[in-house]
Structure formats: C-alpha cells, structure tokens
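Peer 1: Sharing query22.txt, compact mmCIF, C-alpha atoms (C1' of nucleotides):
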# COMPACT_ATOMS: atom_id res chain seq x y z
CA MET A 147 82.02 215.93 79.68
CA LYS A 148 84.49 215.35 82.45
CA LEU A 149 83.68 217.03 85.79
CA ALA A 150 85.88 216.97 88.87
CA THR A 151 86.09 218.28 92.42
CA TRP A 152 89.12 218.69 94.69
CA ASN A 153 89.56 220.25 98.10
CA VAL A 154 93.11 221.56 97.64
CA ASN A 155 93.68 222.88 101.21
CA SER A 156 95.32 226.11 99.99
CA LEU A 157 95.53 226.80 96.28
CA LYS A 158 98.75 228.75 96.80
CA VAL A 159 100.51 225.64 98.08
CA ARG A 160 98.83 223.25 95.65
CA LEU A 161 98.86 225.31 92.42
CA PRO A 162 101.67 223.29 90.78
CA GLN A 163 99.79 220.07 91.55
CA VAL A 164 96.54 221.52 90.22
CA ILE A 165 98.20 222.60 86.96
CA ASP A 166 99.85 219.20 86.54
CA TRP A 167 96.55 217.48 87.26
CA LEU A 168 94.68 219.62 84.73
CA ALA A 169 97.27 218.80 82.07
CA ALA A 170 97.05 215.09 82.78
CA ASN A 171 93.25 214.87 83.05
CA ARG A 172 91.89 217.76 80.93
CA PRO A 173 88.48 217.99 82.67
CA ASP A 174 85.86 220.32 81.25
CA ALA A 175 85.53 221.73 84.77
CA LEU A 176 87.35 221.36 88.07
CA CYS A 177 85.65 222.58 91.25
CA LEU A 178 88.02 223.64 94.02
CA GLN A 179 87.43 224.06 97.74
CA GLU A 180 89.55 225.68 100.45
CA THR A 181 91.44 227.95 98.09
CA LYS A 182 92.17 230.05 101.22
CA THR A 183 92.84 233.21 99.24
CA ALA A 184 91.07 236.45 98.43
CA ASP A 185 90.08 237.03 94.80
CA ALA A 186 93.03 239.43 94.46
CA GLY A 187 95.47 236.60 95.20
CA PHE A 188 93.85 234.09 92.87
CA PRO A 189 96.21 232.74 90.15
CA PHE A 190 94.06 233.62 87.13
CA ALA A 191 97.05 234.11 84.81
CA GLU A 192 98.74 230.81 85.64
CA LEU A 193 95.49 228.93 85.12
CA GLU A 194 94.78 230.73 81.85
CA ALA A 195 98.22 229.68 80.64
CA ALA A 196 97.14 226.12 81.46
CA GLY A 197 94.03 226.57 79.31
CA TYR A 198 91.47 227.27 82.04
CA ARG A 199 89.24 230.20 82.89
CA ALA A 200 88.18 230.52 86.50
CA ALA A 201 85.35 231.84 88.63
CA HIS A 202 86.30 232.33 92.28
CA ASN A 203 84.47 233.16 95.48
CA GLY A 204 87.47 233.97 97.63
CA GLN A 205 88.21 234.54 101.29
CA LYS A 206 91.49 235.15 103.06
CA THR A 207 92.81 232.33 105.29
CA TYR A 208 89.69 230.14 105.32
CA ASN A 209 87.22 228.62 102.85
CA GLY A 210 87.14 229.92 99.27
CA VAL A 211 85.67 228.00 96.31
CA ALA A 212 86.29 228.13 92.58
CA ILE A 213 85.31 226.52 89.32
CA LEU A 214 87.99 226.15 86.64
CA HIS A 215 86.48 225.64 83.20
CA ARG A 216 87.53 225.53 79.58
CA ASP A 217 84.47 226.94 77.79
CA GLU A 218 82.73 230.22 78.37
CA ALA A 219 80.50 230.36 81.44
CA THR A 220 77.29 232.26 82.14
CA ASP A 221 75.09 232.99 85.16
CA ILE A 222 77.85 233.00 87.77
CA THR A 223 76.36 232.91 91.27
CA ARG A 224 78.32 233.43 94.50
CA ASP A 225 76.98 232.32 97.92
CA ILE A 226 73.53 230.95 98.67
CA PRO A 227 70.99 233.64 97.76
CA ARG A 228 69.07 235.07 100.73
CA PHE A 229 71.21 233.12 103.24
CA ALA A 230 73.31 235.44 105.41
CA ASP A 231 76.81 233.95 105.59
CA GLU A 232 80.21 235.64 105.85
CA GLN A 233 81.98 232.45 104.78
CA LYS A 234 82.73 231.88 101.10
CA ARG A 235 81.53 228.35 100.46
CA VAL A 236 79.50 228.35 97.23
CA ILE A 237 80.01 229.26 93.60
CA ALA A 238 77.90 228.20 90.63
CA LEU A 239 78.01 228.74 86.88
CA THR A 240 76.53 227.40 83.67
CA LEU A 241 78.43 225.79 80.79
CA GLY A 242 76.12 225.48 77.79
CA ASP A 243 72.97 224.04 79.35
CA THR A 244 74.75 222.37 82.25
CA ARG A 245 74.70 223.98 85.69
CA LEU A 246 77.69 223.36 88.00
CA VAL A 247 77.68 224.13 91.71
CA SER A 248 80.87 223.93 93.80
CA VAL A 249 80.34 223.72 97.56
CA TYR A 250 82.46 223.57 100.69
CA VAL A 251 80.08 222.43 103.41
CA PRO A 252 81.00 223.54 106.96
CA ASN A 253 82.98 221.00 108.95
CA GLY A 254 80.87 221.26 112.11
CA GLN A 255 83.80 220.59 114.45
CA GLU A 256 81.86 218.63 117.07
CA VAL A 257 78.35 217.22 117.36
CA GLY A 258 76.24 219.65 119.38
CA SER A 259 78.58 222.64 118.98
CA ASP A 260 77.66 226.05 117.56
CA LYS A 261 79.53 225.12 114.38
CA TYR A 262 77.46 221.94 114.16
CA ALA A 263 74.24 223.98 114.33
CA TYR A 264 75.64 226.26 111.61
CA LYS A 265 76.43 223.21 109.48
CA LEU A 266 72.88 221.88 109.72
CA ALA A 267 71.36 225.31 109.03
CA TRP A 268 73.72 225.67 106.08
CA PHE A 269 72.61 222.31 104.68
CA ALA A 270 68.96 223.37 104.95
CA ALA A 271 69.64 226.61 103.08
CA LEU A 272 71.59 224.78 100.36
CA THR A 273 68.80 222.22 99.95
CA ALA A 274 66.13 224.92 99.58
CA TRP A 275 68.18 226.84 97.01
CA LEU A 276 69.09 223.69 95.05
CA GLY A 277 65.42 223.07 94.44
CA GLU A 278 65.23 226.40 92.61
CA GLU A 279 68.41 225.70 90.69
CA LEU A 280 67.16 222.28 89.56
CA ALA A 281 63.88 223.78 88.38
CA ARG A 282 65.78 226.21 86.20
CA TRP A 283 68.55 223.85 85.04
CA PRO A 284 67.53 220.19 84.73
CA ARG A 285 71.13 219.33 83.79
CA LEU A 286 72.79 220.07 87.15
CA ALA A 287 75.86 218.74 88.95
CA LEU A 288 76.61 219.58 92.57
CA LEU A 289 80.25 218.91 93.41
CA GLY A 290 82.39 219.49 96.44
CA ASP A 291 83.50 218.72 99.95
CA PHE A 292 80.28 217.86 101.79
CA ASN A 293 81.95 216.97 105.08
CA VAL A 294 79.58 214.01 105.43
CA ALA A 295 80.37 210.33 105.03
CA PRO A 296 76.92 209.19 103.82
CA GLU A 297 77.08 205.57 105.01
CA ASP A 298 79.20 203.35 107.23
CA ARG A 299 80.84 201.83 104.16
CA ASP A 300 82.30 205.31 103.53
CA VAL A 301 84.16 205.17 106.86
CA HIS A 302 87.35 203.18 107.58
CA ASP A 303 86.33 202.51 111.20
CA PRO A 304 82.56 202.97 111.65
CA GLY A 305 82.76 202.00 115.31
CA ALA A 306 85.27 204.72 116.16
CA TRP A 307 83.32 207.31 114.13
CA HIS A 308 79.84 206.27 115.33
CA GLU A 309 77.68 209.42 115.77
CA ARG A 310 80.79 211.60 115.61
CA ILE A 311 81.28 214.64 113.41
CA LEU A 312 80.97 213.87 109.66
CA CYS A 313 79.07 210.67 110.47
CA SER A 314 76.25 211.65 112.85
CA THR A 315 72.65 210.78 112.01
CA PRO A 316 71.51 214.43 111.62
CA GLU A 317 74.35 215.12 109.19
CA ARG A 318 73.54 212.00 107.18
CA GLU A 319 69.87 212.94 107.15
CA ALA A 320 70.76 216.44 105.94
CA PHE A 321 72.81 214.88 103.14
CA ARG A 322 69.93 212.55 102.20
CA ALA A 323 67.53 215.50 102.22
CA LEU A 324 69.86 217.38 99.88
CA LEU A 325 69.79 214.48 97.43
CA GLY A 326 66.05 214.20 97.85
CA PRO A 327 64.41 212.22 95.10
CA GLY A 328 66.33 214.06 92.39
CA LEU A 329 70.11 213.84 92.85
CA ALA A 330 72.27 210.73 92.59
CA ASP A 331 75.62 210.13 94.29
CA ALA A 332 77.61 209.52 91.09
CA PHE A 333 80.17 207.34 92.85
CA ARG A 334 77.49 204.84 93.86
CA LEU A 335 76.09 204.53 90.35
CA PHE A 336 78.95 202.08 89.72
CA GLU A 337 80.62 199.14 91.36
CA GLN A 338 83.52 200.47 93.41
CA PRO A 339 86.43 199.00 95.34
CA GLU A 340 85.71 198.42 99.01
CA LYS A 341 87.23 200.95 101.38
CA SER A 342 87.09 203.81 98.88
CA TYR A 343 87.78 207.16 100.55
CA SER A 344 88.45 210.74 99.47
CA TRP A 345 90.06 212.18 102.63
CA TRP A 346 92.77 210.89 104.93
CA ASP A 347 94.13 212.69 108.02
CA TYR A 348 97.71 213.90 107.63
CA ARG A 349 98.62 212.24 110.92
CA ASN A 350 99.52 208.68 111.82
CA MET A 351 100.26 207.67 108.23
CA ASP A 352 96.51 207.43 107.73
CA PHE A 353 96.80 207.53 103.93
CA ARG A 354 99.34 204.71 103.83
CA ARG A 355 97.06 202.67 106.08
CA ASN A 356 93.98 203.74 104.09
CA ARG A 357 92.26 205.05 107.20
CA GLY A 358 89.97 207.57 105.51
CA LEU A 359 86.47 208.84 104.89
CA ARG A 360 84.50 209.43 101.69
CA ILE A 361 83.27 213.01 102.14
CA ASP A 362 83.88 214.54 98.69
CA HIS A 363 81.04 213.88 96.30
CA ILE A 364 79.60 214.50 92.85
CA LEU A 365 75.80 214.63 92.87
CA LEU A 366 73.98 214.49 89.55
CA SER A 367 70.46 215.39 88.48
CA PRO A 368 68.57 212.62 86.65
CA ALA A 369 69.41 214.08 83.23
CA LEU A 370 73.15 213.87 83.97
CA ALA A 371 73.04 210.64 85.98
CA ALA A 372 71.44 208.88 83.02
CA ASP A 373 74.49 209.74 80.91
CA CYS A 374 77.18 209.21 83.56
CA ARG A 375 79.76 206.67 82.36
CA SER A 376 82.10 206.55 85.35
CA CYS A 377 82.97 208.12 88.67
CA VAL A 378 86.32 207.53 90.35
CA ILE A 379 88.46 208.86 93.18
CA ASP A 380 91.95 209.72 91.91
CA LYS A 381 94.34 208.83 94.73
CA ALA A 382 97.47 209.75 92.75
CA PRO A 383 97.76 213.38 93.99
CA ARG A 384 97.48 212.20 97.62
CA LYS A 385 100.76 210.30 97.10
CA LEU A 386 102.75 213.39 96.06
CA GLU A 387 105.04 215.47 98.26
CA ARG A 388 103.05 218.06 100.24
CA PRO A 389 99.65 216.70 99.20
CA SER A 390 96.22 218.02 100.02
CA ASP A 391 94.54 215.76 102.56
CA HIS A 392 91.73 215.27 99.99
CA ALA A 393 91.83 213.42 96.66
CA PRO A 394 90.02 214.57 93.50
CA VAL A 395 86.76 212.90 92.47
CA VAL A 396 86.04 212.70 88.73
CA ALA A 397 82.86 211.91 86.80
CA ASP A 398 82.63 211.32 83.07
CA ILE A 399 79.28 212.18 81.50
CA ALA A 400 78.35 211.50 77.91
CA ARG A 401 77.40 214.63 76.02
CA PRO A 402 73.80 214.64 74.75
CA ASP A 403 74.98 214.68 71.10
CA SER A 404 77.15 211.59 71.68
CA ARG A 405 74.36 209.53 73.21
CA GLY A 406 73.36 207.97 69.91
CA THR A 407 76.96 206.93 69.25
CA ARG A 408 77.26 205.35 72.67
CA ALA A 409 73.94 203.49 72.31
CA GLY A 410 75.04 202.27 68.90
CA ALA A 411 78.30 200.95 70.30
CA LYS A 412 76.43 199.27 73.13
CA SER A 413 73.92 197.51 70.87
CA GLN A 414 76.75 196.06 68.79
CA ALA A 415 78.45 194.54 71.87
C1' DA B 107 96.00 210.24 125.16
C1' DT B 108 92.06 215.59 122.40
C1' DG B 109 97.28 214.60 120.46
C1' DG B 110 99.16 213.13 116.37
C1' DC B 111 99.95 216.96 110.73
C1' DT B 112 99.18 221.01 107.75
C1' DT B 113 97.94 225.73 106.62
C1' DG B 114 97.69 230.82 107.28
C1' DA B 115 98.86 234.62 109.97
C1' DG B 116 102.94 236.47 111.33
C1' DT B 117 107.57 236.05 114.10
C1' DG B 118 104.44 233.75 119.27
C1' DT B 119 102.00 230.21 118.81
C1' DC B 120 97.23 229.75 117.84
C1' DA B 121 92.73 228.61 115.17
C1' DA B 122 90.84 225.39 112.22
C1' DG B 123 90.48 221.50 109.72
C1' DA B 124 87.90 216.40 109.66
As structure tokens - that is how I would like this structure written.
Peer 2:
Amino acid sequence: MKLATWNVNSLKVRLPQVIDWLAANRPDALCLQETKTADAGFPFAELEAAGYRAAHNGQKTYNGVAILHRDEATDITRDIPRFADEQKRVIALTLGDTRLVSVYVPNGQEVGSDKYAYKLAWFAALTAWLGEELARWPRLALLGDFNVAPEDRDVHDPGAWHERILCSTPEREAFRALLGPGLADAFRLFEQPEKSYSWWDYRNMDFRRNRGLRIDHILLSPALAADCRSCVIDKAPRKLERPSDHAPVVADIARPDSRGTRAGAKSQA
DNA sequence: ATGGCTTGAGTGTCAAGA
C-alpha cells in the first residue's frame, strides 16, 4: 500500500494541486496537515469526485489535519485522548488492519518560549498515547509534519541551525523517544540522496538553492517497516506556482498477501 | 539585519509559520 503525508499550508489554496497529485500518484492514503479550515469548509465533494473519502479534524485559520483514503475506514480518532488541547493536530483511522495517524506537531517558535514548552509537552502526550495505539494495532504508520529535523544530515546548514528551533537537543530527544524501540523512520530504511529535505522557506529562493530541512516523516511499526519497499520525498509539487513550502513524503509498503510474490521474485534474482 | 515570503482574517496590518 502507498502511504503519503503532505503539509499543504492551506487546503483551500492547494486543493487543485492535491487533486492533481492524487490522480498522478493514487496513494491508498494521503495525510494532510495545516488544512486551515473548519470541517464545514472542507472540500469533501471535490475529493470524492477524485475517488477519495476523507476524515478531517478541522480548525479555522490554523492547524487542521486530515486523512484522505480510498477504502472504508473504521475507528476514527480525533485529538490525543485525555490531553487537553484546543489545537487540531491529530487524526487517526484504521484501513483494514492498518492504523494510520496523521500529526501536525507544534512548531515551538523559539527554544525556551511558552510554545516550545507546549511542543515538548505535546510530544510527551503523543508518545504515551502511541504506546496504546501500537499495542492495539501492530500494523501502524505515524505520518506528518513533526517539526523536528532528527539529525544534522537533515539540515542544510547545521551550524546556522545549531540548537535552534526544529533542531535543538530536547526536540531531537523527544523525537527519538517517540520512535522508541518500535518505530522506524521509513526514509532512513533506504539509501537516499545527500541533502534530502522536505521543507524550504519561501524566502531567499531557498528551494532553488536547496536550503531546507527534513521535518516531514513517515514512521513505521516493525510489521510495516519489514514490508516497506521505498520511501521518497516528492519535490515536484514544490516547483509549481503557489506551492506549499512542504513537499509530500511517500512510502510504499508491500501488502501482507503479496509478500510471498515479492519473496519469490527476490529469490529468482 | 529578526527581515526576507505566504496564509488567513478582513480592508489595517498583524499573527504565525519553520
């Protein structure tokens, strides 16, 4: 199954790009962040015409997360249970026996700020809840904008970003704690080009100069990581007119019933 | 150089993003 995540920085502005991208890529599910719209303004009809159902956890102006999916979903969860939070940053659902969680982690603004403290508390709450989710659904993928560049190789200029927001040691430790022993960063399961990023500032021609950060991730439980065939960042939408500042990340995971076929093909090679 | 773009809200210009 093909799973993807994309911070669209306003779904209203990016809807034509999202529909084009769905047509070109046909993922089983696409997680969206920063839809920036209430549920009432969500384009359910346009997406249905494109062949996708949607579950949305909406908020006017800020935040807002969704999962677009082709097959029927069950067990839709909005927000982190038992964590008081006005901001709409989490939605989860199940497709068959596979659990998908779409997250938009707080930015944090500046190391040491109130928003930074909120970010770290938010990470702790997500980590605690994910443990429960993993216990219930061994086939789990956590996708989204984590607002953390996990390592210096995920940063175009590690010196300039040293201990700054998105790169500070507490944020990286919170990200590592979220992965724990169970989740794998799908992108790093494979050899990747150097200087691979998923976000580039709109200013200073940062995309053209490839001055970016890798902050959008797909994290896979062992059951899914074992069957993951590829994980790539799709830079094509970032080159369009009026792009999101983030690029989609896409993982391809072999379905359990196709494992035998894949192993057979491998053994013949 | 704490700004440079972009969005939403709303019609001024600011908050927020990362």
Peer 1: Residues of chain B that approach chain A to 10 Å or less, counting all atoms listed in the file: could you list each one with the shortest pair of atoms and its distance in Å to one decimal, rows by chain and increasing residue number, as a tab-separated table?
Peer 2:
residue	atom	partner	partner_atom	distance
B:DG109	C1'	A:Arg349	CA	9.9
B:DG110	C1'	A:Arg349	CA	5.5
B:DC111	C1'	A:Tyr348	CA	4.9
B:DT112	C1'	A:Tyr348	CA	7.3
B:DT113	C1'	A:Ser156	CA	7.1
B:DG114	C1'	A:Thr207	CA	5.5
B:DA115	C1'	A:Thr207	CA	8.0
B:DA122	C1'	A:Tyr208	CA	8.5
B:DG123	C1'	A:Asn253	CA	7.6
B:DA124	C1'	A:Asn253	CA	6.8
Peer 1: Hey, can you check how far CA of His308 (chain A) sits from CA of Thr151 (chain A)?
Peer 2: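 CA of Thr151 (chain A) lies 26.6 Å from CA of His308 (chain A).
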Peer 1: Place a sphere of radius 9 Å on (89.2, 233.0, 96.1) in the file coordinates and name every protein, DNA or RNA residue with an atom inside or on its surface, counting only C-alpha atoms (C1' of nucleotides); give the answer as a ChimeraX atom specification.
Peer 2: /A:157,180-188,201-206,209-212,234
Peer 1: Work out how far CA of Glu319 (chain A) is from CA of Ala175 (chain A), in Å to one decimal.
Peer 2: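 Straight-line distance from CA of Ala175 (chain A) to CA of Glu319 (chain A) works out to 28.7 Å.
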Peer 1: Using only C-alpha atoms (C1' of nucleotides), determine which residues lie at most 12 Å from Arg322 (chain A), disregarding the query and same-chain residues fewer than 2 positions distant; provide the list as a list in words.
Peer 2: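 Contacts, in chain order: Phe269, Ala270, Thr273, Phe292, Val294, Ala295, Pro296, Glu297, Thr315, Pro316, Glu317, Arg318, Glu319, Ala320, Leu324, Leu325, Gly326, Pro327, Gly328, Leu329, Ala330, Asp331 and Leu365 of chain A.
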Peer 1: Since the input is missing atoms, can you rebuild N, CA and C atoms for region 234-256 of chain A and write them as a PDB file, keeping the file's coordinate frame?
Peer 2:
ATOM      1  N   LYS A 234      82.809 232.072 102.550  1.00  0.00           N
ATOM      2  CA  LYS A 234      82.730 231.880 101.100  1.00  0.00           C
ATOM      3  C   LYS A 234      82.801 230.386 100.791  1.00  0.00           C
ATOM      4  N   ARG A 235      81.618 229.797 100.580  1.00  0.00           N
ATOM      5  CA  ARG A 235      81.530 228.350 100.460  1.00  0.00           C
ATOM      6  C   ARG A 235      80.810 227.856  99.207  1.00  0.00           C
ATOM      7  N   VAL A 236      80.298 228.761  98.394  1.00  0.00           N
ATOM      8  CA  VAL A 236      79.500 228.350  97.230  1.00  0.00           C
ATOM      9  C   VAL A 236      79.837 229.207  96.024  1.00  0.00           C
ATOM     10  N   ILE A 237      80.006 228.557  94.874  1.00  0.00           N
ATOM     11  CA  ILE A 237      80.010 229.260  93.600  1.00  0.00           C
ATOM     12  C   ILE A 237      79.355 228.345  92.564  1.00  0.00           C
ATOM     13  N   ALA A 238      78.607 228.966  91.653  1.00  0.00           N
ATOM     14  CA  ALA A 238      77.900 228.200  90.630  1.00  0.00           C
ATOM     15  C   ALA A 238      78.029 228.916  89.294  1.00  0.00           C
ATOM     16  N   LEU A 239      78.018 228.143  88.224  1.00  0.00           N
ATOM     17  CA  LEU A 239      78.010 228.740  86.880  1.00  0.00           C
ATOM     18  C   LEU A 239      77.424 227.733  85.899  1.00  0.00           C
ATOM     19  N   THR A 240      77.152 228.232  84.700  1.00  0.00           N
ATOM     20  CA  THR A 240      76.530 227.400  83.670  1.00  0.00           C
ATOM     21  C   THR A 240      77.465 227.284  82.476  1.00  0.00           C
ATOM     22  N   LEU A 241      77.670 226.060  82.009  1.00  0.00           N
ATOM     23  CA  LEU A 241      78.430 225.790  80.790  1.00  0.00           C
ATOM     24  C   LEU A 241      77.452 225.197  79.784  1.00  0.00           C
ATOM     25  N   GLY A 242      77.147 225.944  78.729  1.00  0.00           N
ATOM     26  CA  GLY A 242      76.120 225.480  77.790  1.00  0.00           C
ATOM     27  C   GLY A 242      74.792 225.407  78.527  1.00  0.00           C
ATOM     28  N   ASP A 243      74.217 224.197  78.602  1.00  0.00           N
ATOM     29  CA  ASP A 243      72.970 224.040  79.350  1.00  0.00           C
ATOM     30  C   ASP A 243      73.191 223.254  80.640  1.00  0.00           C
ATOM     31  N   THR A 244      74.443 223.154  81.056  1.00  0.00           N
ATOM     32  CA  THR A 244      74.750 222.370  82.250  1.00  0.00           C
ATOM     33  C   THR A 244      75.162 223.298  83.399  1.00  0.00           C
ATOM     34  N   ARG A 245      74.454 223.173  84.504  1.00  0.00           N
ATOM     35  CA  ARG A 245      74.700 223.980  85.690  1.00  0.00           C
ATOM     36  C   ARG A 245      75.678 223.238  86.613  1.00  0.00           C
ATOM     37  N   LEU A 246      76.720 223.933  87.070  1.00  0.00           N
ATOM     38  CA  LEU A 246      77.690 223.360  88.000  1.00  0.00           C
ATOM     39  C   LEU A 246      77.692 224.168  89.283  1.00  0.00           C
ATOM     40  N   VAL A 247      77.651 223.478  90.402  1.00  0.00           N
ATOM     41  CA  VAL A 247      77.680 224.130  91.710  1.00  0.00           C
ATOM     42  C   VAL A 247      78.813 223.516  92.523  1.00  0.00           C
ATOM     43  N   SER A 248      79.741 224.369  92.980  1.00  0.00           N
ATOM     44  CA  SER A 248      80.870 223.930  93.800  1.00  0.00           C
ATOM     45  C   SER A 248      80.626 224.362  95.234  1.00  0.00           C
ATOM     46  N   VAL A 249      80.644 223.396  96.166  1.00  0.00           N
ATOM     47  CA  VAL A 249      80.340 223.720  97.560  1.00  0.00           C
ATOM     48  C   VAL A 249      81.417 223.216  98.514  1.00  0.00           C
ATOM     49  N   TYR A 250      81.628 223.996  99.559  1.00  0.00           N
ATOM     50  CA  TYR A 250      82.460 223.570 100.690  1.00  0.00           C
ATOM     51  C   TYR A 250      81.591 223.645 101.936  1.00  0.00           C
ATOM     52  N   VAL A 251      81.007 222.507 102.283  1.00  0.00           N
ATOM     53  CA  VAL A 251      80.080 222.430 103.410  1.00  0.00           C
ATOM     54  C   VAL A 251      80.863 222.623 104.715  1.00  0.00           C
ATOM     55  N   PRO A 252      80.298 223.357 105.684  1.00  0.00           N
ATOM     56  CA  PRO A 252      81.000 223.540 106.960  1.00  0.00           C
ATOM     57  C   PRO A 252      81.370 222.209 107.600  1.00  0.00           C
ATOM     58  N   ASN A 253      82.492 222.225 108.295  1.00  0.00           N
ATOM     59  CA  ASN A 253      82.980 221.000 108.950  1.00  0.00           C
ATOM     60  C   ASN A 253      82.098 220.602 110.131  1.00  0.00           C
ATOM     61  N   GLY A 254      81.714 221.569 110.958  1.00  0.00           N
ATOM     62  CA  GLY A 254      80.870 221.260 112.110  1.00  0.00           C
ATOM     63  C   GLY A 254      81.607 221.010 113.408  1.00  0.00           C
ATOM     64  N   GLN A 255      82.892 220.741 113.309  1.00  0.00           N
ATOM     65  CA  GLN A 255      83.800 220.590 114.450  1.00  0.00           C
ATOM     66  C   GLN A 255      83.420 219.477 115.421  1.00  0.00           C
ATOM     67  N   GLU A 256      82.258 219.627 116.073  1.00  0.00           N
ATOM     68  CA  GLU A 256      81.860 218.630 117.070  1.00  0.00           C
ATOM     69  C   GLU A 256      80.343 218.585 117.145  1.00  0.00           C
TER      70      GLU A 256
END
